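For reference, the structure is listed below as structure tokens.
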Amino acid sequence: MSRVDEKSPKDCAKKRFNFNKFHKKFFFAFSTFLLTILSLIFLIWLTLHPTKPQFSLKDVNIYQLNLSGLNLINSNIRLTLSSNNPNKKVGVYYDVLQVYASYKGQIITRQTLLPPFYQENEETNLLSASLAGNQVPVAPSFGYEVGRDQRIGKLVLTLKVIGRLRWKVGTWVSGRYRFNVNCVAVLPFNSIPSGPLSSKQGTVCSTIV
């Protein structure tokens with residue numbers, strides 16, 4: 001005849017107590033570990049928090065800006081930008097860079113795609129772009145605005161850069177971030193221009209990441 005062991009309610013309660021105690025210890029250890037990891041990530045982020053890149057416009061030349069047909073414009077613009085990475089421990093991958101020009105809020109060139117590149121910490125690079133617009137539609141007031149600026153003697157042009165970048169810290173590379181650069185150039189605009197409209201006055205651009 002087999003023996004049947006019967007456990008008292010006291011033994012069952014003790015077993016449940018040990019089981020709950022193990023779960024509490026495990027939860028406490030896991031919470032401590034997770035909190036430590038999050039604190040470490042936050043500390044690294046505070047230490048290496050990347051500063052947004054700095055852009056400046058070195059020079060711009062307008063070789064063509066005239067109306068062709070009904071509210072259509074042809075344009076030819078060349079420019080040089082300076083890109084600086086001010087971070088001491090963070091590199092920047094520029095995956096996408098598109099440059100275009102606008103006048104009085106109207107786009108006057110097609111978007112020009114610049115080649116992607118990697119920028120080391122505290123490095124400065126020069127970027128050159130040739131912008132062109134062929135039969136770009138503009139508002140009916142465009143000719144009047146250009147004529148008025150010619151009488152005033154100056155033309156205000158806006159150069160824009162839109163793109164995507166990634167941060168690099170050691171071997172770690174972040175996801176992609178959108179960025180926008182806005183540069184304003186003021187060019188002398190004589191009543192009878194001889195040669196291209198040019199400006200070689202360095203202009204600091206605004207950057208949003």
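Ligands are numbered from 1 in the order shown, chains are lettered A, B, ... in the order of the structure tokens, and residues start at 1 in each chain.
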
For Gly170 in chain A, please output as an mmCIF file with N, CA and C atoms, in the first residue's frame all residues within 10 Å (counting only C-alpha atoms; exclusion window: fewer than 5 positions along the same chain).
data_model
loop_
_atom_site.group_PDB
_atom_site.id
_atom_site.type_symbol
_atom_site.label_atom_id
_atom_site.label_comp_id
_atom_site.auth_asym_id
_atom_site.auth_seq_id
_atom_site.Cartn_x
_atom_site.Cartn_y
_atom_site.Cartn_z
ATOM 1 N N LYS A 89 33.268 65.502 -30.019
ATOM 2 C CA LYS A 89 33.293 64.041 -29.984
ATOM 3 C C LYS A 89 32.227 63.401 -30.872
ATOM 4 N N VAL A 90 31.583 64.195 -31.690
ATOM 5 C CA VAL A 90 30.484 63.698 -32.508
ATOM 6 C C VAL A 90 30.742 64.007 -33.977
ATOM 7 N N GLY A 91 30.671 62.977 -34.837
ATOM 8 C CA GLY A 91 30.781 63.164 -36.276
ATOM 9 C C GLY A 91 29.404 63.266 -36.901
#

Requested in this report: Excluding Thr124 in chain A and any residue of its chain fewer than 3 positions from it, enumerate the residues within 12 Å of it, using only C-alpha atoms, and give them as JSON, numbers by chain.
Outcome: {"A": [53, 54, 55, 56, 81, 82, 83, 84, 85, 86, 87, 91, 92, 118, 119, 120, 121, 127]}

Atoms to include: C-alpha atoms. Write the selected residues as a PDB file, in the first residue's frame.
ATOM      1  CA  PRO A  53      26.003  72.046 -37.587  1.00  0.00           C
ATOM      2  CA  GLN A  54      26.864  75.619 -38.513  1.00  0.00           C
ATOM      3  CA  PHE A  55      26.505  76.880 -42.094  1.00  0.00           C
ATOM      4  CA  SER A  56      27.585  80.151 -43.647  1.00  0.00           C
ATOM      5  CA  LEU A  81      28.665  77.279 -48.542  1.00  0.00           C
ATOM      6  CA  SER A  82      30.814  76.556 -45.508  1.00  0.00           C
ATOM      7  CA  SER A  83      29.710  73.686 -43.270  1.00  0.00           C
ATOM      8  CA  ASN A  84      31.206  73.348 -39.793  1.00  0.00           C
ATOM      9  CA  ASN A  85      30.786  70.584 -37.212  1.00  0.00           C
ATOM     10  CA  PRO A  86      31.347  72.274 -33.809  1.00  0.00           C
ATOM     11  CA  ASN A  87      31.155  69.034 -31.802  1.00  0.00           C
ATOM     12  CA  GLY A  91      30.781  63.164 -36.276  1.00  0.00           C
ATOM     13  CA  VAL A  92      28.054  63.902 -38.828  1.00  0.00           C
ATOM     14  CA  TYR A 118      30.973  62.413 -43.642  1.00  0.00           C
ATOM     15  CA  GLN A 119      32.203  65.276 -41.476  1.00  0.00           C
ATOM     16  CA  GLU A 120      34.654  64.634 -38.646  1.00  0.00           C
ATOM     17  CA  ASN A 121      34.358  66.410 -35.293  1.00  0.00           C
ATOM     18  CA  LEU A 127      30.250  73.013 -50.554  1.00  0.00           C
TER      19      LEU A 127
END

Query raised in the report: Could you write out, as a ChimeraX atom specification, all the residues of range 93-131 of chain A that DSSP marks as strand (DSSP E)?
Result: /A:93-103,106-107,112-114,117-119,124-131

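Here CA of Lys160 in chain A stands at a distance of 15.3 Å from CA of Ile62 in chain A.
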
**Report entry** Which residue of A:Val186, A:Ala101, A:Val169, A:Val181 approaches Val136 in chain A most closely, using only C-alpha atoms
**Finding:** A:Ala101

**Report entry** Gap from CA of Leu155 in chain A to CA of Leu97 in chain A - Å, one decimal
**Finding:**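 Interatomic distance, CA of Leu155 in chain A to CA of Leu97 in chain A: 25.4 Å.
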
Requested in this report: List the neighbours of Val96 in chain A out to 12 Å using only C-alpha atoms; skip same-chain residues closer than 2 positions along the sequence, and give me the result as a ChimeraX atom specification.
Outcome: /A:92-94,98-99,111-118,161-166,176-180

Report task. Compile the contact shell of Ile107 in chain A as a PyMOL selection string: residues with an atom at most 10 Å away, counting only C-alpha atoms, same-chain residues fewer than 5 positions apart removed. Result -> chain A and resi 100-102+133+136-138+158-160

Report task. Pick out the closest residue to Ile77 in chain A from this set: A:Ala139, A:Lys154, A:Leu197, A:Leu34. Count only C-alpha atoms. Result ->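 Among the listed residues, A:Leu197 lies closest to Ile77 in chain A.
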
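If only C-alpha atoms are the atoms counted, then among A:Asn74, A:Gln150, A:Thr80, A:Asn66 the closest residue to Lys200 in chain A is A:Thr80.
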
Query raised in the report: So which one's closest to Asp149 in chain A, A:Lys24, A:Lys104, A:Lys88, A:Lys168? Using only C-alpha atoms, please.
Result: A:Lys104

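Closest to Tyr103 in chain A among A:Trp172, A:Ile37, A:Leu70, A:Val146 is A:Val146, based on only C-alpha atoms.
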
Query raised in the report: Which neighbours of Ala185 in chain A fall inside 8 Å, counting only C-alpha atoms, when residues of the same chain fewer than 2 positions from it are skipped, and could you give them as a list in words?
Result: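 Counting only C-alpha atoms, the residues come to Leu57, Val60, Val156, Leu157, Thr158, Leu159, Cys183, Leu187, Ser199 and Thr203 of chain A.
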
Query - Among the residues A:Ile108, A:Asn190, A:Phe28, A:Thr51, the one that comes closest to Glu122 in chain A [using only C-alpha atoms] - result: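 Among the listed residues, A:Thr51 lies closest to Glu122 in chain A.
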